[in-house]
$ cat model38.txt   # compact mmCIF, C-alpha atoms
# COMPACT_ATOMS: atom_id res chain seq x y z
CA MET I 1 14.81 -28.93 9.52
CA SER I 2 15.78 -29.40 13.17
CA ALA I 3 13.04 -29.27 15.76
CA VAL I 4 12.49 -25.79 17.13
CA GLU I 5 11.20 -25.30 20.63
CA VAL I 6 8.14 -23.09 20.86
CA GLN I 7 8.11 -20.79 23.88
CA GLU I 8 4.63 -19.37 23.38
CA SER I 9 1.92 -20.24 20.89
CA ILE I 10 -0.74 -17.64 20.14
CA GLN I 11 -3.82 -18.70 18.22
CA ILE I 12 -5.43 -15.94 16.13
CA PRO I 13 -9.07 -16.66 15.33
CA ALA I 14 -10.34 -15.81 11.86
CA ARG I 15 -10.92 -12.03 11.41
CA GLU I 16 -9.10 -11.18 14.67
CA GLY I 17 -5.68 -9.86 15.67
CA ARG I 18 -3.17 -10.65 18.41
CA GLY I 19 0.12 -9.16 19.52
CA VAL I 20 3.16 -9.89 21.62
CA GLN I 21 5.96 -7.79 23.06
CA LEU I 22 9.35 -9.19 22.03
CA LYS I 23 12.95 -8.37 22.85
CA ALA I 24 15.68 -7.85 20.25
CA GLY I 25 17.06 -11.21 19.23
CA GLN I 26 13.84 -13.19 19.76
CA ARG I 27 12.47 -15.18 16.84
CA PHE I 28 8.86 -15.81 15.88
CA ARG I 29 6.93 -17.74 13.29
CA CYS I 30 3.68 -16.75 11.54
CA ILE I 31 1.64 -19.78 10.49
CA ASP I 32 -1.23 -20.13 8.05
CA VAL I 33 -3.19 -22.76 9.99
CA GLU I 34 -5.67 -23.88 7.32
CA GLY I 35 -4.13 -22.39 4.15
CA LYS I 36 -5.09 -19.58 1.71
CA GLN I 37 -5.18 -16.99 4.49
CA CYS I 38 -3.42 -13.62 4.44
CA GLY I 39 -2.02 -11.91 7.52
CA ASP I 40 -1.28 -8.25 8.18
CA LEU I 41 1.93 -8.04 10.21
CA PHE I 42 3.08 -4.89 12.02
CA ALA I 43 6.07 -4.06 14.25
CA PHE I 44 6.30 -0.99 16.49
CA CYS I 45 9.31 -0.04 18.65
CA SER I 46 8.45 -0.70 22.30
CA ASP I 47 10.07 2.48 23.56
CA ASN I 48 8.52 4.76 20.91
CA VAL I 49 5.54 3.54 18.91
CA ARG I 50 5.97 6.45 16.49
CA GLU I 51 8.85 4.42 15.10
CA TYR I 52 7.56 1.35 13.30
CA HIS I 53 8.20 -0.91 10.37
CA SER I 54 7.88 1.13 7.18
CA ALA I 55 7.33 -0.61 3.85
CA GLU I 56 8.54 2.35 1.80
CA HIS I 57 11.84 2.55 3.67
CA THR I 58 12.29 -1.23 3.42
CA ARG I 59 11.76 -1.16 -0.37
CA VAL I 60 14.50 1.45 -0.77
CA TRP I 61 16.83 -0.35 1.67
CA ASN I 62 16.65 -3.68 -0.20
CA ASP I 63 15.92 -2.43 -3.77
CA ASN I 64 13.08 -4.92 -3.76
CA LEU I 65 9.30 -4.84 -3.36
CA PHE I 66 9.60 -7.41 -0.58
CA PRO I 67 12.65 -8.57 1.41
CA ARG I 68 14.27 -11.84 0.44
CA VAL I 69 15.24 -14.34 3.11
CA GLY I 70 18.22 -12.87 4.96
CA GLU I 71 17.19 -9.25 4.36
CA PRO I 72 15.86 -6.77 6.91
CA PHE I 73 12.62 -4.87 7.34
CA VAL I 74 13.47 -1.31 8.46
CA THR I 75 11.63 1.42 10.35
CA ASN I 76 10.60 4.92 9.31
CA ARG I 77 13.92 5.96 10.93
CA ARG I 78 15.78 3.48 8.70
CA ARG I 79 16.77 1.03 11.44
CA PRO I 80 16.38 -2.75 10.94
CA ILE I 81 13.49 -3.93 13.13
CA LEU I 82 12.90 -7.44 11.74
CA THR I 83 14.96 -9.90 9.69
CA PHE I 84 13.38 -12.43 7.35
CA LEU I 85 14.92 -15.76 8.44
CA ALA I 86 12.95 -18.44 6.63
CA ASP I 87 10.11 -18.74 4.15
CA ASP I 88 8.25 -22.04 4.13
CA THR I 89 5.51 -20.87 1.74
CA PRO I 90 5.24 -20.52 -2.06
CA GLY I 91 6.96 -17.14 -1.53
CA ARG I 92 4.20 -14.68 -2.28
CA HIS I 93 3.92 -11.70 0.10
CA ASP I 94 2.94 -8.05 -0.35
CA MET I 95 3.82 -4.61 1.02
CA LEU I 96 1.84 -2.43 -1.41
CA ILE I 97 -1.73 -2.62 -0.16
CA ALA I 98 -3.21 -0.75 2.81
CA ALA I 99 -4.77 -2.62 5.72
CA CYS I 100 -8.50 -3.16 5.27
CA ASP I 101 -10.59 -0.78 7.39
CA PRO I 102 -14.28 -0.01 8.00
CA THR I 103 -14.39 2.45 5.08
CA ARG I 104 -12.95 -0.16 2.73
CA PHE I 105 -15.83 -2.55 3.46
CA GLU I 106 -18.41 0.24 3.27
CA LEU I 107 -17.06 1.17 -0.19
CA LEU I 108 -17.18 -2.51 -1.20
CA GLY I 109 -20.91 -2.49 -0.39
CA CYS I 110 -20.95 -4.24 3.00
CA GLU I 111 -23.75 -3.13 5.29
CA GLY I 112 -23.19 -2.65 8.99
CA TRP I 113 -20.03 -3.41 10.95
CA HIS I 114 -17.39 -5.60 9.31
CA ALA I 115 -14.22 -6.79 11.03
CA SER I 116 -11.04 -5.23 9.61
CA CYS I 117 -7.28 -5.46 10.04
CA GLN I 118 -7.06 -1.77 10.99
CA GLU I 119 -9.55 -2.17 13.85
CA ASN I 120 -7.81 -5.37 14.95
CA LEU I 121 -4.47 -3.56 15.06
CA GLU I 122 -5.93 -0.64 17.01
CA LYS I 123 -7.53 -3.00 19.51
CA VAL I 124 -4.30 -4.95 20.11
CA MET I 125 -2.21 -1.80 20.51
CA ALA I 126 -4.81 -0.27 22.86
CA GLY I 127 -4.42 -3.44 24.94
CA PHE I 128 -0.72 -2.58 25.26
CA GLY I 129 -1.69 0.92 26.44
CA HIS I 130 -1.27 2.71 23.10
CA GLU I 131 -4.65 4.20 22.18
CA GLU I 132 -3.29 6.58 19.53
CA ILE I 133 -1.16 4.98 16.84
CA GLU I 134 -0.40 5.70 13.23
CA ILE I 135 -1.57 2.95 10.88
CA PRO I 136 1.45 1.79 8.87
CA GLN I 137 1.41 0.04 5.52
CA PRO I 138 1.28 -3.59 6.70
CA ILE I 139 3.54 -6.46 5.76
CA ASN I 140 0.86 -8.52 4.01
CA ILE I 141 2.22 -12.01 4.55
CA PHE I 142 0.95 -14.92 2.42
CA THR I 143 -0.76 -12.31 0.18
CA ASN I 144 -0.73 -13.00 -3.55
CA LEU I 145 -0.97 -9.66 -5.36
CA PRO I 146 1.22 -9.89 -8.47
CA VAL I 147 2.35 -6.61 -10.07
CA GLY I 148 1.98 -6.62 -13.87
CA THR I 149 4.62 -5.06 -16.13
CA ASP I 150 2.18 -2.15 -16.60
CA GLY I 151 2.01 -1.62 -12.82
CA SER I 152 -1.43 -3.21 -12.40
CA LEU I 153 -2.18 -5.19 -9.23
CA SER I 154 -4.12 -8.47 -9.37
CA TRP I 155 -6.02 -9.58 -6.28
CA GLU I 156 -5.39 -13.34 -6.39
CA PRO I 157 -6.22 -16.01 -3.81
CA ALA I 158 -3.35 -16.84 -1.44
CA LEU I 159 -1.22 -19.84 -2.53
CA THR I 160 -0.37 -21.03 0.99
CA LYS I 161 -1.23 -24.52 2.22
CA ALA I 162 -2.15 -25.51 5.76
CA GLY I 163 0.90 -25.19 8.01
CA ASP I 164 2.94 -22.91 5.73
CA SER I 165 4.95 -20.38 7.72
CA ILE I 166 7.52 -17.62 7.74
CA THR I 167 10.12 -17.07 10.47
CA LEU I 168 11.50 -13.69 11.51
CA ARG I 169 13.90 -12.31 14.12
CA VAL I 170 13.20 -9.10 16.03
CA GLU I 171 16.11 -6.64 15.86
CA LEU I 172 14.70 -3.88 18.11
CA ASP I 173 12.47 -4.41 21.19
CA SER I 174 9.04 -4.40 19.57
CA TYR I 175 5.34 -4.92 19.72
CA VAL I 176 4.62 -7.47 16.99
CA VAL I 177 0.99 -7.59 15.85
CA LEU I 178 -0.53 -10.08 13.42
CA THR I 179 -4.11 -9.90 12.19
CA ALA I 180 -5.91 -12.64 10.28
CA CYS I 181 -7.25 -10.64 7.34
CA ALA I 182 -11.03 -10.25 7.38
CA GLN I 183 -11.36 -9.62 3.64
CA ASP I 184 -14.24 -11.77 2.34
CA VAL I 185 -15.43 -9.65 -0.60
CA LEU I 186 -12.25 -9.80 -2.70
CA PRO I 187 -10.77 -13.30 -3.24
CA ILE I 188 -7.38 -12.89 -1.48
CA ASN I 189 -8.43 -15.21 1.38
CA ASN I 190 -10.43 -17.41 -0.98
CA LYS I 191 -13.49 -15.56 0.46
CA GLU I 192 -13.27 -17.72 3.60
CA PRO I 193 -11.25 -15.94 6.32
CA SER I 194 -9.56 -18.52 8.53
CA PRO I 195 -7.21 -18.51 11.57
CA LEU I 196 -3.50 -17.85 11.82
CA ALA I 197 -1.00 -18.62 14.58
CA LEU I 198 1.97 -16.77 15.96
CA GLU I 199 4.68 -18.80 17.69
CA VAL I 200 7.45 -17.26 19.73
CA LEU I 201 10.49 -19.52 19.42
CA ALA I 202 12.77 -20.41 22.30
CA ASP I 203 16.24 -18.85 22.34
CA MET B 1 -2.21 31.86 -12.53
CA THR B 2 0.64 32.39 -10.07
CA ARG B 3 4.07 30.96 -10.86
CA THR B 4 6.69 30.44 -8.16
CA GLU B 5 10.26 29.27 -8.73
CA ILE B 6 11.45 26.53 -6.40
CA PRO B 7 15.25 26.74 -6.11
CA ALA B 8 17.14 23.44 -6.30
CA ARG B 9 16.98 21.41 -3.03
CA THR B 10 14.20 23.51 -1.48
CA GLY B 11 10.49 23.18 -0.77
CA TRP B 12 7.29 25.00 -1.65
CA SER B 13 3.74 24.87 -0.35
CA ALA B 14 0.29 26.40 -0.81
CA ALA B 15 -3.12 26.19 0.83
CA LEU B 16 -5.54 25.32 -1.98
CA LYS B 17 -9.31 25.43 -2.18
CA GLU B 18 -11.27 22.51 -3.61
CA GLY B 19 -11.26 22.86 -7.41
CA GLN B 20 -7.98 24.78 -7.70
CA THR B 21 -5.25 23.24 -9.82
CA PHE B 22 -1.48 23.37 -9.54
CA SER B 23 1.28 22.32 -11.91
CA VAL B 24 4.65 20.90 -10.98
CA ILE B 25 7.16 22.04 -13.61
CA ASP B 26 10.58 20.53 -14.19
CA VAL B 27 12.37 23.69 -15.33
CA GLU B 28 15.66 22.18 -16.52
CA GLY B 29 14.64 18.52 -16.97
CA GLY B 30 15.82 15.37 -15.20
CA GLN B 31 14.52 16.43 -11.79
CA ALA B 32 12.06 14.77 -9.40
CA ALA B 33 9.73 16.41 -6.87
CA ASP B 34 8.21 14.90 -3.74
CA LEU B 35 4.55 15.82 -3.39
CA TRP B 36 2.33 15.66 -0.27
CA ALA B 37 -1.21 16.87 0.44
CA PHE B 38 -2.92 17.37 3.81
CA ASN B 39 -6.61 18.05 4.50
CA SER B 40 -6.72 21.72 5.59
CA GLU B 41 -9.45 20.99 8.15
CA ASP B 42 -7.68 18.02 9.76
CA VAL B 43 -4.02 17.50 8.93
CA GLU B 44 -4.09 14.00 10.42
CA GLU B 45 -5.87 13.15 7.16
CA PHE B 46 -3.41 13.24 4.28
CA LEU B 47 -2.69 11.75 0.87
CA SER B 48 -1.79 8.11 1.46
CA ALA B 49 0.10 6.28 -1.25
CA HIS B 50 -0.88 2.83 0.01
CA HIS B 51 -4.58 3.65 0.15
CA THR B 52 -4.26 5.20 -3.33
CA ARG B 53 -2.56 2.09 -4.75
CA THR B 54 -5.25 -0.06 -3.17
CA MET B 55 -8.13 2.03 -4.51
CA ASN B 56 -6.62 2.19 -8.04
CA SER B 57 -5.17 -1.37 -8.09
CA GLU B 58 -2.04 0.06 -9.70
CA VAL B 59 1.41 1.16 -8.58
CA TYR B 60 2.43 3.82 -11.13
CA PRO B 61 0.73 7.23 -10.75
CA ARG B 62 -0.63 8.47 -14.08
CA LYS B 63 -2.94 11.05 -15.60
CA GLY B 64 -6.52 10.19 -14.66
CA TRP B 65 -5.61 8.84 -11.20
CA THR B 66 -7.45 9.98 -8.13
CA PHE B 67 -5.28 10.17 -5.01
CA TYR B 68 -6.94 9.13 -1.75
CA THR B 69 -6.31 9.95 1.89
CA ASN B 70 -5.74 7.58 4.80
CA GLU B 71 -9.54 7.89 5.26
CA ARG B 72 -9.98 6.72 1.64
CA ARG B 73 -11.42 10.07 0.52
CA PRO B 74 -10.37 11.71 -2.78
CA ILE B 75 -7.89 14.56 -2.19
CA LEU B 76 -6.16 15.16 -5.57
CA GLU B 77 -6.76 14.26 -9.20
CA PHE B 78 -3.95 13.95 -11.76
CA VAL B 79 -5.49 16.03 -14.56
CA GLU B 80 -2.69 16.76 -17.06
CA ASP B 81 0.77 15.43 -17.83
CA THR B 82 3.13 16.72 -20.52
CA SER B 83 6.03 14.58 -19.28
CA PRO B 84 6.87 11.02 -20.47
CA GLY B 85 4.61 9.84 -17.64
CA ARG B 86 7.10 8.24 -15.28
CA HIS B 87 6.08 8.83 -11.64
CA ASP B 88 6.45 6.86 -8.41
CA CYS B 89 4.60 6.24 -5.15
CA LEU B 90 6.77 3.44 -3.73
CA ALA B 91 10.02 5.07 -2.51
CA ALA B 92 10.22 6.85 0.84
CA ALA B 93 11.19 10.53 0.93
CA CYS B 94 14.89 11.13 1.49
CA ASP B 95 15.65 12.22 5.04
CA LYS B 96 18.57 13.10 7.29
CA VAL B 97 19.28 9.46 8.17
CA ARG B 98 19.28 8.50 4.48
CA TYR B 99 22.18 10.86 3.78
CA GLU B 100 24.04 9.88 6.94
CA LEU B 101 23.84 6.25 5.81
CA LEU B 102 25.02 7.28 2.33
CA GLY B 103 28.05 8.95 3.92
CA ALA B 104 26.97 12.51 3.12
CA GLY B 105 26.87 13.82 6.70
CA SER B 106 24.07 15.33 8.78
CA ASP B 107 23.61 18.69 7.09
CA HIS B 108 22.93 17.54 3.53
CA GLY B 109 19.31 18.70 3.39
CA SER B 110 16.44 16.35 2.51
CA CYS B 111 12.88 16.21 1.26
CA GLU B 112 11.63 15.30 4.74
CA GLU B 113 13.26 18.40 6.25
CA ASN B 114 11.84 20.53 3.41
CA LEU B 115 8.38 19.11 4.16
CA GLN B 116 8.74 19.90 7.87
CA ALA B 117 9.83 23.48 7.11
CA GLU B 118 6.87 24.00 4.75
CA THR B 119 4.18 22.56 7.04
CA GLY B 120 5.55 24.81 9.81
CA LYS B 121 4.52 27.79 7.65
CA HIS B 122 0.95 26.47 7.77
CA GLY B 123 1.04 25.92 11.52
CA PHE B 124 1.46 22.18 11.79
CA GLU B 125 4.21 19.68 12.44
CA VAL B 126 4.86 16.34 10.78
CA ARG B 127 7.06 13.99 12.80
CA HIS B 128 8.03 12.03 9.72
CA ALA B 129 7.19 12.29 6.05
CA PRO B 130 4.30 10.21 4.73
CA GLN B 131 5.12 8.21 1.58
CA PRO B 132 5.27 10.98 -1.07
CA ILE B 133 4.14 10.95 -4.65
CA ASN B 134 7.49 11.20 -6.42
CA VAL B 135 6.56 13.29 -9.46
CA PHE B 136 8.86 12.64 -12.47
CA ALA B 137 10.76 9.93 -10.52
CA ASN B 138 11.52 7.04 -12.87
CA PHE B 139 11.47 4.22 -10.34
CA ARG B 140 10.38 0.88 -11.76
CA VAL B 141 9.40 -2.55 -10.60
CA THR B 142 11.19 -5.40 -12.39
CA PRO B 143 9.34 -8.61 -13.38
CA GLU B 144 11.21 -10.38 -10.53
CA GLY B 145 9.97 -7.87 -7.93
CA GLY B 146 13.13 -5.77 -7.87
CA PHE B 147 12.83 -2.02 -7.42
CA GLU B 148 15.11 0.19 -9.51
CA LEU B 149 15.81 3.92 -9.20
CA LEU B 150 16.31 4.76 -12.90
CA GLU B 151 17.24 8.19 -14.23
CA CYS B 152 14.48 10.77 -14.66
CA VAL B 153 13.47 11.16 -18.32
CA THR B 154 11.78 14.57 -18.13
CA LYS B 155 12.72 17.36 -20.52
CA PRO B 156 12.91 21.08 -19.64
CA GLY B 157 9.42 22.49 -19.10
CA ASP B 158 7.62 19.17 -18.59
CA ALA B 159 4.65 19.62 -16.27
CA ALA B 160 2.27 17.51 -14.20
CA THR B 161 -1.01 19.14 -13.14
CA PHE B 162 -3.19 18.18 -10.18
CA LYS B 163 -6.63 19.35 -9.04
CA ALA B 164 -7.52 19.70 -5.36
CA LEU B 165 -10.61 17.60 -4.56
CA MET B 166 -10.84 19.04 -1.04
CA ASP B 167 -9.36 22.12 0.66
CA CYS B 168 -5.78 21.05 1.25
CA VAL B 169 -2.22 22.13 1.93
CA VAL B 170 0.07 20.84 -0.81
CA VAL B 171 3.84 20.63 -0.39
CA LEU B 172 6.55 20.08 -3.00
CA SER B 173 10.24 19.42 -2.49
CA ALA B 174 12.79 19.67 -5.31
CA CYS B 175 14.64 16.50 -4.37
CA PRO B 176 18.26 17.15 -3.26
CA GLN B 177 19.41 13.58 -3.96
CA ASP B 178 22.91 13.82 -5.44
CA ILE B 179 24.44 10.56 -4.19
CA ILE B 180 22.10 8.07 -5.89
CA PRO B 181 22.31 9.18 -9.53
CA PHE B 182 18.65 9.22 -10.60
CA GLN B 183 18.65 12.98 -11.31
CA PRO B 184 20.99 13.47 -14.30
CA GLY B 185 22.67 16.86 -14.08
CA GLY B 186 22.28 16.94 -10.30
CA PRO B 187 19.56 18.63 -8.26
CA THR B 188 18.04 21.51 -10.23
CA SER B 189 15.25 24.03 -9.74
CA MET B 190 11.54 23.49 -10.34
CA ALA B 191 8.48 25.72 -10.49
CA ALA B 192 4.89 25.59 -9.29
CA GLU B 193 1.93 27.24 -11.01
CA VAL B 194 -1.33 27.62 -9.11
CA SER B 195 -4.65 28.46 -10.76
CA ASP B 196 -6.61 31.48 -9.48

$ encode --input "model38.txt" --output "structure tokens"
Amino acid sequence: MSAVEVQESIQIPAREGRGVQLKAGQRFRCIDVEGKQCGDLFAFCSDNVREYHSAEHTRVWNDNLFPRVGEPFVTNRRRPILTFLADDTPGRHDMLIAACDPTRFELLGCEGWHASCQENLEKVMAGFGHEEIEIPQPINIFTNLPVGTDGSLSWEPALTKAGDSITLRVELDSYVVLTACAQDVLPINNKEPSPLALEVLAD
Amino acid sequence: MTRTEIPARTGWSAALKEGQTFSVIDVEGGQAADLWAFNSEDVEEFLSAHHTRTMNSEVYPRKGWTFYTNERRPILEFVEDTSPGRHDCLAAACDKVRYELLGAGSDHGSCEENLQAETGKHGFEVRHAPQPINVFANFRVTPEGGFELLECVTKPGDAATFKALMDCVVVLSACPQDIIPFQPGGPTSMAAEVSD
């Protein structure tokens, strides 16, 4: 693989989220820094945050539960917003499970406040001036949730190793938000939430 | 019990009280319906397929399932099913853009537009359709992660019955999809039966 110049490198501490505003045509990489860590990835159109990446429209567009390299992610208005350019991971990702939220952790028996991907997303988008957003089904990158032939979902630890990454291109001017999943009750992050990184690549 | 016919390609809705049941009936067979439910007290809270999948750890709706809202509260229960049991919660509702992209023009009619017309009758707007429960839709996940829109396998009179677990507005749309051939015999009528 040829060396790729990184324009901006954003470190995402464990259990936190970060975002960046990107123009159509820009490329970015999501990196699992230490391994076995899931990320919730979201993309909202910059000029109208009511249009955003929609998992259910993407499934129908590609006839697949998750895009293959080369395929698009589309919005709730059926426009490509991201393209999956490269997958340097064992290839397990999910778009079936909701972002974790305060109620999720309360129902799992956690007492008091617990960090969650939904709150992380809301905080990042509020920082961009968007206090009121809809919470889309995330693109759960690095997330290992196999679907059985009977339709059952298994919550398995992520298979990613330190440094594994995926690369995407933005097709519409977008806010791209990535949160390092805070789930520590179920084993998807090996019960040890760790950091992620988001790198904007040079043109 | 009140029975209402839902002509092919059109929508239906009702404001239900907690504990009421309603049945979705495939009158002629081979027809799918998109189902949505909104909390009557706060329509920003609605049945969410992704929260429901997460809470049930399954992807195929079936009898016995509880459906949850985006606040993870129970809103519907799937109480009876006389159909072969094929239902979906993974495919987006058809909409105007879907038919434009399929080459069918801008005035085809869609489940999203039916939803918007029905919620208008209850005094609220939805900008875009939430992921519906696609009752009787035979959409399947392949072992390789593919997603296939197979033909509906319902027979005439097959019914799926749901109970409201909170006061809610429920909406059905008899899916007008006639380009992708998952409704053998083309779009046909349905019926809804609501308990007293």

$ closest_atom_pairs --input "model38.txt" --of "chain I" --to "chain B" --cutoff "8 Å" --atoms "all atoms listed in the file" --output "Markdown table"
| residue | atom | partner | partner_atom | distance |
| --- | --- | --- | --- | --- |
| I:Glu56 | CA | B:Ala92 | CA | 4.9 |
| I:His57 | CA | B:Ala92 | CA | 5.4 |
| I:Arg59 | CA | B:Ala91 | CA | 6.8 |
| I:Val60 | CA | B:Ala91 | CA | 6.0 |
| I:Asp63 | CA | B:Phe147 | CA | 4.8 |
| I:Asn64 | CA | B:Gly146 | CA | 4.2 |
| I:Leu65 | CA | B:Gly145 | CA | 5.5 |
| I:Phe66 | CA | B:Gly145 | CA | 7.4 |
| I:Asn76 | CA | B:His128 | CA | 7.6 |
| I:Arg77 | CA | B:Val97 | CA | 7.0 |
| I:Arg78 | CA | B:Val97 | CA | 6.9 |
| I:Leu96 | CA | B:His50 | CA | 6.1 |
| I:Ile97 | CA | B:Thr54 | CA | 5.3 |
| I:Ala98 | CA | B:His50 | CA | 5.1 |
| I:Thr103 | CA | B:Arg72 | CA | 7.0 |
| I:Arg104 | CA | B:Arg72 | CA | 7.6 |
| I:Gln137 | CA | B:His50 | CA | 6.6 |
| I:Val147 | CA | B:Val59 | CA | 8.0 |
| I:Gly148 | CA | B:Pro143 | CA | 7.6 |
| I:Thr149 | CA | B:Pro143 | CA | 6.5 |
| I:Gly151 | CA | B:Val59 | CA | 5.1 |
| I:Ser152 | CA | B:Glu58 | CA | 4.3 |
| I:Leu153 | CA | B:Ser57 | CA | 5.0 |
| I:Ser154 | CA | B:Ser57 | CA | 7.3 |

$ closest_residue --input "model38.txt" --among "B:Gly123, B:Pro181, B:Gly109, B:Gly30" --to "Arg86 of chain B" --atoms "all atoms listed in the file"
B:Gly30

$ atom_distance --input "model38.txt" --atom1 "atom CA of Asn189 of chain I" --atom2 "atom CA of Ile31 of chain I"
14.3 Å

$ atom_distance --input "model38.txt" --atom1 "atom CA of Ser174 of chain I" --atom2 "atom CA of Pro13 of chain I"
22.3 Å

$ atom_distance --input "model38.txt" --atom1 "atom CA of Asn120 of chain I" --atom2 "atom CA of Gly17 of chain I"
5.0 Å
